[in-house]
>>> print(open('target19.pdb').read())   # PDB, C-alpha atoms, pLDDT in the B column
ATOM      1  CA  MET A   2       0.000   0.000   0.000  1.00 42.00           C
ATOM      2  CA  GLN A   3       1.306   3.433  -0.863  1.00 41.00           C
ATOM      3  CA  ASP A   4       2.538   5.479   2.074  1.00 47.00           C
ATOM      4  CA  LYS A   5      -0.175   7.968   3.007  1.00 40.00           C
ATOM      5  CA  ASN A   6       2.464  10.569   3.753  1.00 45.00           C
ATOM      6  CA  LYS A   7       3.717  10.505   0.178  1.00 44.00           C
ATOM      7  CA  ARG A   8       3.035  13.677  -1.769  1.00 45.00           C
ATOM      8  CA  LYS A   9       3.348  12.172  -5.213  1.00 45.00           C
ATOM      9  CA  ASP A  10       0.146  13.814  -6.363  1.00 46.00           C
ATOM     10  CA  GLY A  11       1.211  17.117  -4.793  1.00 47.00           C
ATOM     11  CA  PRO A  12      -0.237  20.343  -6.137  1.00 48.00           C
ATOM     12  CA  ALA A  13      -1.826  19.787  -9.516  1.00 45.00           C
ATOM     13  CA  HIS A  14       0.794  19.568 -12.256  1.00 56.00           C
ATOM     14  CA  SER A  15       3.477  20.930  -9.894  1.00 61.00           C
ATOM     15  CA  GLU A  16       6.250  18.924 -11.535  1.00 64.00           C
ATOM     16  CA  ASP A  17       5.284  20.114 -15.008  1.00 65.00           C
ATOM     17  CA  LEU A  18       5.122  23.709 -13.764  1.00 66.00           C
ATOM     18  CA  ALA A  19       8.589  23.442 -12.227  1.00 68.00           C
ATOM     19  CA  LEU A  20       9.997  22.069 -15.472  1.00 66.00           C
ATOM     20  CA  LYS A  21       8.355  24.852 -17.443  1.00 67.00           C
ATOM     21  CA  SER A  22       9.800  27.430 -15.053  1.00 69.00           C
ATOM     22  CA  ALA A  23      13.273  26.006 -15.591  1.00 69.00           C
ATOM     23  CA  ALA A  24      12.799  26.075 -19.355  1.00 68.00           C
ATOM     24  CA  ALA A  25      11.510  29.646 -19.294  1.00 66.00           C
ATOM     25  CA  TYR A  26      14.549  30.740 -17.312  1.00 63.00           C
ATOM     26  CA  PHE A  27      17.154  28.717 -19.242  1.00 68.00           C
ATOM     27  CA  GLY A  28      15.678  28.577 -22.752  1.00 69.00           C
ATOM     28  CA  ASP A  29      18.804  28.552 -24.922  1.00 72.00           C
ATOM     29  CA  GLU A  30      20.930  26.653 -22.383  1.00 77.00           C
ATOM     30  CA  LEU A  31      18.217  24.000 -22.104  1.00 77.00           C
ATOM     31  CA  ILE A  32      18.153  23.467 -25.855  1.00 80.00           C
ATOM     32  CA  HIS A  33      21.920  22.974 -25.992  1.00 79.00           C
ATOM     33  CA  TRP A  34      21.943  20.653 -22.962  1.00 80.00           C
ATOM     34  CA  LEU A  35      19.321  18.477 -24.643  1.00 80.00           C
ATOM     35  CA  GLY A  36      21.790  17.869 -27.452  1.00 81.00           C
ATOM     36  CA  ILE A  37      20.127  20.105 -30.025  1.00 85.00           C
ATOM     37  CA  ARG A  38      22.797  21.876 -32.049  1.00 80.00           C
ATOM     38  CA  GLU A  39      20.666  24.542 -33.691  1.00 84.00           C
ATOM     39  CA  ARG A  40      20.462  27.912 -31.980  1.00 81.00           C
ATOM     40  CA  ALA A  41      17.111  29.407 -31.026  1.00 82.00           C
ATOM     41  CA  LEU A  42      16.430  32.794 -32.581  1.00 80.00           C
ATOM     42  CA  ARG A  43      13.471  33.638 -30.358  1.00 79.00           C
ATOM     43  CA  ALA A  44      10.733  32.212 -28.181  1.00 77.00           C
ATOM     44  CA  VAL A  45       7.368  32.208 -29.933  1.00 78.00           C
ATOM     45  CA  PRO A  46       3.950  32.722 -28.286  1.00 67.00           C
ATOM     46  CA  THR A  47       2.427  29.341 -27.469  1.00 62.00           C
ATOM     47  CA  GLU A  48      -1.226  30.314 -27.174  1.00 54.00           C
ATOM     48  CA  MET A  49      -3.261  29.721 -30.309  1.00 48.00           C
ATOM     49  CA  VAL A  50      -6.943  30.446 -30.844  1.00 43.00           C
ATOM     50  CA  GLU A  51      -8.766  28.060 -33.144  1.00 46.00           C
ATOM     51  CA  LEU A  52     -12.023  29.231 -34.751  1.00 36.00           C
ATOM     52  CA  GLU A  53     -12.163  32.009 -32.125  1.00 38.00           C
ATOM     53  CA  THR A  54     -13.678  29.562 -29.626  1.00 37.00           C
ATOM     54  CA  ARG A  55     -10.904  27.273 -28.445  1.00 39.00           C
ATOM     55  CA  HIS A  56      -7.492  27.967 -26.955  1.00 43.00           C
ATOM     56  CA  MET A  57      -4.565  25.598 -27.376  1.00 45.00           C
ATOM     57  CA  TYR A  58      -1.432  25.897 -25.261  1.00 54.00           C
ATOM     58  CA  GLU A  59       1.949  24.447 -26.081  1.00 57.00           C
ATOM     59  CA  ASP A  60       4.615  24.335 -23.374  1.00 74.00           C
ATOM     60  CA  PHE A  61       7.422  26.041 -25.311  1.00 83.00           C
ATOM     61  CA  LEU A  62       7.948  26.956 -28.933  1.00 88.00           C
ATOM     62  CA  TYR A  63      11.152  28.305 -30.465  1.00 90.00           C
ATOM     63  CA  GLU A  64      11.985  29.584 -33.908  1.00 91.00           C
ATOM     64  CA  MET A  65      15.314  28.020 -34.829  1.00 93.00           C
ATOM     65  CA  GLU A  66      18.124  29.294 -37.021  1.00 92.00           C
ATOM     66  CA  ASN A  67      17.505  26.437 -39.486  1.00 94.00           C
ATOM     67  CA  GLY A  68      14.063  27.860 -40.317  1.00 94.00           C
ATOM     68  CA  MET A  69      12.163  25.213 -38.368  1.00 96.00           C
ATOM     69  CA  TYR A  70      10.087  25.587 -35.203  1.00 94.00           C
ATOM     70  CA  TYR A  71      10.890  23.340 -32.233  1.00 94.00           C
ATOM     71  CA  HIS A  72       7.988  22.587 -29.937  1.00 92.00           C
ATOM     72  CA  PHE A  73       8.841  21.310 -26.425  1.00 90.00           C
ATOM     73  CA  GLU A  74       6.428  19.478 -24.148  1.00 88.00           C
ATOM     74  CA  PHE A  75       7.041  18.264 -20.584  1.00 84.00           C
ATOM     75  CA  GLU A  76       5.441  15.012 -19.461  1.00 85.00           C
ATOM     76  CA  SER A  77       5.716  13.544 -15.965  1.00 78.00           C
ATOM     77  CA  ASP A  78       3.589  10.492 -16.815  1.00 80.00           C
ATOM     78  CA  SER A  79       3.643   7.960 -19.622  1.00 86.00           C
ATOM     79  CA  ILE A  80       2.733   9.301 -23.060  1.00 92.00           C
ATOM     80  CA  SER A  81      -0.751   8.330 -24.163  1.00 93.00           C
ATOM     81  CA  THR A  82      -2.338   8.150 -27.580  1.00 95.00           C
ATOM     82  CA  GLU A  83      -4.369  11.223 -26.654  1.00 95.00           C
ATOM     83  CA  ASP A  84      -1.153  13.098 -25.797  1.00 93.00           C
ATOM     84  CA  LEU A  85       0.252  12.299 -29.229  1.00 96.00           C
ATOM     85  CA  ARG A  86      -2.955  13.381 -30.925  1.00 96.00           C
ATOM     86  CA  ARG A  87      -2.766  16.661 -29.010  1.00 92.00           C
ATOM     87  CA  PHE A  88       0.883  17.202 -29.998  1.00 94.00           C
ATOM     88  CA  ARG A  89       0.016  16.440 -33.617  1.00 95.00           C
ATOM     89  CA  GLU A  90      -2.744  19.030 -33.509  1.00 93.00           C
ATOM     90  CA  TYR A  91      -0.347  21.614 -32.053  1.00 91.00           C
ATOM     91  CA  GLU A  92       2.161  20.897 -34.794  1.00 93.00           C
ATOM     92  CA  ALA A  93      -0.396  21.197 -37.571  1.00 93.00           C
ATOM     93  CA  SER A  94      -1.741  24.510 -36.242  1.00 91.00           C
ATOM     94  CA  THR A  95       1.736  25.929 -35.674  1.00 92.00           C
ATOM     95  CA  ALA A  96       2.923  24.883 -39.133  1.00 94.00           C
ATOM     96  CA  ARG A  97      -0.118  26.486 -40.720  1.00 93.00           C
ATOM     97  CA  ILE A  98       0.264  29.751 -38.766  1.00 91.00           C
ATOM     98  CA  TYR A  99       4.010  30.188 -39.301  1.00 93.00           C
ATOM     99  CA  LYS A 100       4.215  28.364 -42.654  1.00 95.00           C
ATOM    100  CA  ALA A 101       7.215  26.352 -41.492  1.00 96.00           C
ATOM    101  CA  PRO A 102       7.997  22.762 -40.466  1.00 97.00           C
ATOM    102  CA  VAL A 103       7.599  21.907 -36.774  1.00 96.00           C
ATOM    103  CA  VAL A 104       9.332  19.231 -34.676  1.00 96.00           C
ATOM    104  CA  THR A 105       8.033  18.209 -31.247  1.00 95.00           C
ATOM    105  CA  TYR A 106      10.412  17.180 -28.455  1.00 94.00           C
ATOM    106  CA  VAL A 107       8.834  15.553 -25.399  1.00 92.00           C
ATOM    107  CA  ILE A 108      10.935  15.785 -22.223  1.00 88.00           C
ATOM    108  CA  CYS A 109       9.865  12.905 -19.985  1.00 88.00           C
ATOM    109  CA  SER A 110      10.505  12.483 -16.268  1.00 82.00           C
ATOM    110  CA  SER A 111       8.405   9.326 -15.977  1.00 75.00           C
ATOM    111  CA  GLU A 112       9.807   6.077 -14.554  1.00 79.00           C
ATOM    112  CA  VAL A 113       8.313   4.267 -17.551  1.00 78.00           C
ATOM    113  CA  LYS A 114      11.124   2.826 -19.682  1.00 80.00           C
ATOM    114  CA  ASN A 115       9.257   2.086 -22.895  1.00 85.00           C
ATOM    115  CA  LEU A 116       7.565   5.319 -23.849  1.00 90.00           C
ATOM    116  CA  ARG A 117       5.232   5.689 -26.793  1.00 93.00           C
ATOM    117  CA  ASP A 118       6.658   8.051 -29.409  1.00 96.00           C
ATOM    118  CA  SER A 119       4.344   7.543 -32.382  1.00 97.00           C
ATOM    119  CA  ILE A 120       0.837   6.755 -33.522  1.00 97.00           C
ATOM    120  CA  THR A 121      -0.365   5.422 -36.857  1.00 97.00           C
ATOM    121  CA  GLU A 122      -3.871   6.344 -37.914  1.00 96.00           C
ATOM    122  CA  GLY A 123      -5.116   5.709 -41.409  1.00 96.00           C
ATOM    123  CA  ILE A 124      -2.163   5.953 -43.787  1.00 97.00           C
ATOM    124  CA  ASN A 125      -0.229   8.455 -41.645  1.00 96.00           C
ATOM    125  CA  THR A 126       2.311   7.945 -38.862  1.00 98.00           C
ATOM    126  CA  TYR A 127       3.025  10.795 -36.472  1.00 98.00           C
ATOM    127  CA  ARG A 128       6.211  10.744 -34.393  1.00 97.00           C
ATOM    128  CA  VAL A 129       7.813  12.869 -31.671  1.00 97.00           C
ATOM    129  CA  SER A 130      11.397  12.967 -30.436  1.00 95.00           C
ATOM    130  CA  LEU A 131      11.689  11.658 -26.860  1.00 94.00           C
ATOM    131  CA  ILE A 132      14.151  12.898 -24.247  1.00 90.00           C
ATOM    132  CA  ARG A 133      14.033  10.673 -21.149  1.00 90.00           C
ATOM    133  CA  LEU A 134      15.533  12.305 -18.042  1.00 89.00           C
ATOM    134  CA  LYS A 135      15.843   8.974 -16.204  1.00 89.00           C
ATOM    135  CA  ASP A 136      18.532   7.978 -18.717  1.00 89.00           C
ATOM    136  CA  GLU A 137      20.795  10.692 -17.283  1.00 90.00           C
ATOM    137  CA  ASN A 138      22.892  10.010 -14.165  1.00 92.00           C
ATOM    138  CA  GLY A 139      22.076  12.683 -11.591  1.00 91.00           C
ATOM    139  CA  ASP A 140      24.674  11.399  -9.110  1.00 91.00           C
ATOM    140  CA  ARG A 141      27.541  11.773 -11.565  1.00 91.00           C
ATOM    141  CA  LEU A 142      26.357  15.244 -12.500  1.00 89.00           C
ATOM    142  CA  LEU A 143      26.346  16.416  -8.879  1.00 88.00           C
ATOM    143  CA  GLU A 144      29.794  14.931  -8.286  1.00 88.00           C
ATOM    144  CA  GLN A 145      31.135  16.857 -11.269  1.00 86.00           C
ATOM    145  CA  LEU A 146      29.574  20.097 -10.039  1.00 84.00           C
ATOM    146  CA  ALA A 147      31.007  19.539  -6.555  1.00 80.00           C
ATOM    147  CA  GLU A 148      34.486  19.613  -8.089  1.00 82.00           C
ATOM    148  CA  LYS A 149      33.887  23.108  -9.462  1.00 79.00           C
ATOM    149  CA  THR A 150      34.377  26.236  -7.416  1.00 72.00           C
ATOM    150  CA  ALA A 151      31.414  28.596  -7.164  1.00 68.00           C
ATOM    151  CA  GLY A 152      33.205  31.160  -9.296  1.00 72.00           C
ATOM    152  CA  ASN A 153      33.458  28.697 -12.170  1.00 79.00           C
ATOM    153  CA  LEU A 154      29.763  27.808 -12.279  1.00 81.00           C
ATOM    154  CA  THR A 155      27.875  28.936 -15.382  1.00 82.00           C
ATOM    155  CA  ARG A 156      24.257  28.957 -16.497  1.00 80.00           C
ATOM    156  CA  GLU A 157      25.122  25.910 -18.612  1.00 82.00           C
ATOM    157  CA  ASP A 158      26.110  24.094 -15.398  1.00 82.00           C
ATOM    158  CA  ILE A 159      22.942  25.065 -13.569  1.00 81.00           C
ATOM    159  CA  ILE A 160      20.324  23.833 -16.047  1.00 80.00           C
ATOM    160  CA  PRO A 161      21.137  20.113 -15.568  1.00 84.00           C
ATOM    161  CA  LEU A 162      21.453  20.743 -11.818  1.00 86.00           C
ATOM    162  CA  LEU A 163      17.785  21.740 -11.667  1.00 86.00           C
ATOM    163  CA  PHE A 164      16.752  18.594 -13.523  1.00 86.00           C
ATOM    164  CA  SER A 165      18.932  16.242 -11.442  1.00 89.00           C
ATOM    165  CA  PRO A 166      16.130  15.263  -8.984  1.00 89.00           C
ATOM    166  CA  LEU A 167      14.310  13.746 -11.971  1.00 87.00           C
ATOM    167  CA  MET A 168      17.313  11.855 -13.352  1.00 91.00           C
ATOM    168  CA  GLY A 169      18.458   8.311 -12.684  1.00 90.00           C
ATOM    169  CA  GLY A 170      21.060   7.325 -10.087  1.00 89.00           C
ATOM    170  CA  ARG A 171      21.433   5.573  -6.747  1.00 90.00           C
ATOM    171  CA  PHE A 172      21.007   8.582  -4.438  1.00 89.00           C
ATOM    172  CA  ARG A 173      17.520   9.324  -3.162  1.00 90.00           C
ATOM    173  CA  GLN A 174      15.745  12.425  -4.403  1.00 89.00           C
ATOM    174  CA  LYS A 175      16.002  14.021  -0.968  1.00 92.00           C
ATOM    175  CA  GLU A 176      19.807  13.752  -1.043  1.00 93.00           C
ATOM    176  CA  ARG A 177      20.011  15.169  -4.540  1.00 92.00           C
ATOM    177  CA  ILE A 178      17.771  18.118  -3.720  1.00 92.00           C
ATOM    178  CA  LEU A 179      19.829  18.898  -0.609  1.00 92.00           C
ATOM    179  CA  ARG A 180      23.041  18.795  -2.633  1.00 91.00           C
ATOM    180  CA  CYS A 181      21.487  21.055  -5.274  1.00 89.00           C
ATOM    181  CA  ILE A 182      20.479  23.574  -2.615  1.00 88.00           C
ATOM    182  CA  GLU A 183      24.036  23.544  -1.277  1.00 88.00           C
ATOM    183  CA  VAL A 184      25.441  24.244  -4.755  1.00 86.00           C
ATOM    184  CA  LEU A 185      23.070  27.192  -5.154  1.00 85.00           C
ATOM    185  CA  LYS A 186      24.023  28.572  -1.733  1.00 83.00           C
ATOM    186  CA  ASN A 187      27.666  28.543  -2.788  1.00 81.00           C
ATOM    187  CA  ALA A 188      26.729  30.315  -6.017  1.00 81.00           C
ATOM    188  CA  GLU A 189      24.846  33.190  -4.379  1.00 81.00           C
ATOM    189  CA  THR A 190      27.675  35.613  -5.116  1.00 80.00           C
ATOM    190  CA  ILE A 191      27.752  34.629  -8.796  1.00 81.00           C
ATOM    191  CA  PHE A 192      24.105  34.845  -9.860  1.00 82.00           C
ATOM    192  CA  PRO A 193      21.586  37.639  -9.202  1.00 83.00           C
ATOM    193  CA  GLN A 194      19.536  37.062  -6.040  1.00 81.00           C
ATOM    194  CA  ASN A 195      16.285  36.893  -7.988  1.00 82.00           C
ATOM    195  CA  ASP A 196      17.722  34.134 -10.182  1.00 81.00           C
ATOM    196  CA  ILE A 197      18.857  32.162  -7.126  1.00 82.00           C
ATOM    197  CA  ARG A 198      15.369  32.423  -5.609  1.00 83.00           C
ATOM    198  CA  LYS A 199      13.795  31.147  -8.826  1.00 83.00           C
ATOM    199  CA  MET A 200      16.102  28.138  -8.893  1.00 84.00           C
ATOM    200  CA  GLU A 201      15.538  27.362  -5.208  1.00 85.00           C
ATOM    201  CA  ALA A 202      11.781  27.582  -5.776  1.00 85.00           C
ATOM    202  CA  ILE A 203      12.009  25.011  -8.573  1.00 84.00           C
ATOM    203  CA  LEU A 204      13.895  22.599  -6.302  1.00 88.00           C
ATOM    204  CA  TYR A 205      11.435  23.156  -3.463  1.00 86.00           C
ATOM    205  CA  THR A 206       8.544  22.393  -5.819  1.00 85.00           C
ATOM    206  CA  PHE A 207      10.147  19.050  -6.643  1.00 84.00           C
ATOM    207  CA  ALA A 208      10.592  18.357  -2.922  1.00 87.00           C
ATOM    208  CA  VAL A 209       6.911  18.996  -2.197  1.00 85.00           C
ATOM    209  CA  LYS A 210       5.959  16.800  -5.135  1.00 82.00           C
ATOM    210  CA  PHE A 211       8.128  13.769  -4.409  1.00 83.00           C
ATOM    211  CA  LEU A 212       9.115  13.626  -0.730  1.00 87.00           C
ATOM    212  CA  ASP A 213       7.198  12.432   2.306  1.00 89.00           C
ATOM    213  CA  ASP A 214       6.585  14.643   5.332  1.00 89.00           C
ATOM    214  CA  ASP A 215       9.701  13.561   7.240  1.00 89.00           C
ATOM    215  CA  GLU A 216      11.989  14.064   4.241  1.00 90.00           C
ATOM    216  CA  LEU A 217      10.408  17.423   3.500  1.00 89.00           C
ATOM    217  CA  LYS A 218      11.378  18.682   6.964  1.00 89.00           C
ATOM    218  CA  SER A 219      15.054  18.379   6.023  1.00 88.00           C
ATOM    219  CA  ILE A 220      14.458  20.328   2.830  1.00 88.00           C
ATOM    220  CA  LYS A 221      12.587  23.071   4.704  1.00 85.00           C
ATOM    221  CA  GLU A 222      15.474  23.380   7.145  1.00 86.00           C
ATOM    222  CA  ALA A 223      17.935  23.726   4.270  1.00 86.00           C
ATOM    223  CA  VAL A 224      15.730  26.181   2.375  1.00 80.00           C
ATOM    224  CA  ALA A 225      15.284  28.289   5.524  1.00 79.00           C
ATOM    225  CA  MET A 226      18.973  29.187   5.240  1.00 72.00           C
ATOM    226  CA  THR A 227      18.676  30.297   1.610  1.00 69.00           C
ATOM    227  CA  LYS A 228      17.544  33.478  -0.121  1.00 56.00           C
ATOM    228  CA  LEU A 229      14.167  31.879  -0.813  1.00 58.00           C
ATOM    229  CA  GLY A 230      13.733  30.793   2.801  1.00 58.00           C
ATOM    230  CA  GLN A 231      14.577  34.253   4.081  1.00 57.00           C
ATOM    231  CA  MET A 232      11.931  35.698   1.780  1.00 55.00           C
ATOM    232  CA  ILE A 233       9.254  33.154   2.804  1.00 51.00           C
ATOM    233  CA  TRP A 234       9.814  32.878   6.544  1.00 46.00           C
ATOM    234  CA  GLU A 235      11.040  36.335   7.518  1.00 51.00           C
TER     235      GLU A 235
END
>>> encode(input="target19.pdb", output="structure tokens")
Amino acid sequence: MQDKNKRKDGPAHSEDLALKSAAAYFGDELIHWLGIRERALRAVPTEMVELETRHMYEDFLYEMENGMYYHFEFESDSISTEDLRRFREYEASTARIYKAPVVTYVICSSEVKNLRDSITEGINTYRVSLIRLKDENGDRLLEQLAEKTAGNLTREDIIPLLFSPLMGGRFRQKERILRCIEVLKNAETIFPQNDIRKMEAILYTFAVKFLDDDELKSIKEAVAMTKLGQMIWE
């Protein structure tokens, strides 16, 4: 039976919102970290109105230097047929509006190993490009960051740090989040205070989502000593 103290359901869509916050803050760095070589020219509005009665929202959409549009979606659960139909609809509408080809990347934090990436309906097959965070080793990443001095940390270093609680590895999520908070504390003199607070808030959102009450106490104690904690509990 699942532990009643577990907060896996957490606030509605909290994990997705945290991922979107990280992407909004680290747009270009995120694209490069995901292994995409093309450079983003600009972020494109993701709200589309169809027939003046229905709104459709994509997570993130970028116009790329190669003339294509890259559409990014975050999924914390397995990918369903309905998800793929929704992505296909987004792509078709975006391609029609901007008169350019569109590619959808789905960034998955699910534990599911075999994720659906295509559907075939009629004579057509629709496919997305999957990026599975569990395939990355969060422990190794944190060890590499620990070897760097605070003055050598860059925005490119920080983007995978924020995703590390969702990666694979042997350390528990609580330990990873605590180590991430420590890295950010050491970087407070490098990044603007508002940026540090945003990053700490993303990590705290993951803690609320994934940790039980006892584990969350440790995170609250650590956060209380940070810029975010000072703002919340002063």
>>> atom_distance(input="target19.pdb", atom1="atom CA of Leu42 of chain A", atom2="atom CA of Asn67 of chain A")
9.4 Å
>>> atom_distance(input="target19.pdb", atom1="atom CA of Ile220 of chain A", atom2="atom CA of Arg180 of chain A")
10.3 Å
>>> atom_distance(input="target19.pdb", atom1="atom CA of Glu157 of chain A", atom2="atom CA of Asp196 of chain A")
13.9 Å
>>> resolve_selection(input="target19.pdb", expression="the PyMOL selection byres ((chain A and resi 159) around 10)", output="VMD selection string")
chain A and resid 23 27 30 to 31 146 154 to 158 160 to 165 181 184 to 185 188 200
>>> write_last_selection(input="target19.pdb", atoms="C-alpha atoms", output="PDB file, keeping the file's coordinate frame")
ATOM      1  CA  ALA A  23      13.273  26.006 -15.591  1.00 69.00           C
ATOM      2  CA  PHE A  27      17.154  28.717 -19.242  1.00 68.00           C
ATOM      3  CA  GLU A  30      20.930  26.653 -22.383  1.00 77.00           C
ATOM      4  CA  LEU A  31      18.217  24.000 -22.104  1.00 77.00           C
ATOM      5  CA  LEU A 146      29.574  20.097 -10.039  1.00 84.00           C
ATOM      6  CA  LEU A 154      29.763  27.808 -12.279  1.00 81.00           C
ATOM      7  CA  THR A 155      27.875  28.936 -15.382  1.00 82.00           C
ATOM      8  CA  ARG A 156      24.257  28.957 -16.497  1.00 80.00           C
ATOM      9  CA  GLU A 157      25.122  25.910 -18.612  1.00 82.00           C
ATOM     10  CA  ASP A 158      26.110  24.094 -15.398  1.00 82.00           C
ATOM     11  CA  ILE A 160      20.324  23.833 -16.047  1.00 80.00           C
ATOM     12  CA  PRO A 161      21.137  20.113 -15.568  1.00 84.00           C
ATOM     13  CA  LEU A 162      21.453  20.743 -11.818  1.00 86.00           C
ATOM     14  CA  LEU A 163      17.785  21.740 -11.667  1.00 86.00           C
ATOM     15  CA  PHE A 164      16.752  18.594 -13.523  1.00 86.00           C
ATOM     16  CA  SER A 165      18.932  16.242 -11.442  1.00 89.00           C
ATOM     17  CA  CYS A 181      21.487  21.055  -5.274  1.00 89.00           C
ATOM     18  CA  VAL A 184      25.441  24.244  -4.755  1.00 86.00           C
ATOM     19  CA  LEU A 185      23.070  27.192  -5.154  1.00 85.00           C
ATOM     20  CA  ALA A 188      26.729  30.315  -6.017  1.00 81.00           C
ATOM     21  CA  MET A 200      16.102  28.138  -8.893  1.00 84.00           C
TER      22      MET A 200
END
>>> residues_around(input="target19.pdb", residues="Glu83 of chain A", least_positions_apart="5", cutoff="10 Å", atoms="all atoms listed in the file", output="MDAnalysis selection string")
chainID A and resid 88:89 120
>>> residues_around(input="target19.pdb", residues="segment 129-140 of chain A", least_positions_apart="6", cutoff="6 Å", atoms="all atoms listed in the file", output="PDB file with C-alpha atoms, in the coordinates of the input")
ATOM      1  CA  THR A 105       8.033  18.209 -31.247  1.00 95.00           C
ATOM      2  CA  TYR A 106      10.412  17.180 -28.455  1.00 94.00           C
ATOM      3  CA  VAL A 107       8.834  15.553 -25.399  1.00 92.00           C
ATOM      4  CA  ILE A 108      10.935  15.785 -22.223  1.00 88.00           C
ATOM      5  CA  CYS A 109       9.865  12.905 -19.985  1.00 88.00           C
ATOM      6  CA  SER A 110      10.505  12.483 -16.268  1.00 82.00           C
ATOM      7  CA  ASP A 118       6.658   8.051 -29.409  1.00 96.00           C
ATOM      8  CA  SER A 165      18.932  16.242 -11.442  1.00 89.00           C
ATOM      9  CA  MET A 168      17.313  11.855 -13.352  1.00 91.00           C
ATOM     10  CA  GLY A 169      18.458   8.311 -12.684  1.00 90.00           C
ATOM     11  CA  GLY A 170      21.060   7.325 -10.087  1.00 89.00           C
TER      12      GLY A 170
END
>>> closest_residue(input="target19.pdb", among="A:Leu116, A:Ser77, A:Thr121, A:Asn187", to="Phe211 of chain A", atoms="all atoms listed in the file")
A:Ser77
>>> closest_residue(input="target19.pdb", among="A:Val209, A:Thr126, A:Glu76, A:Ala202", to="Val224 of chain A", atoms="all atoms listed in the file")
A:Ala202
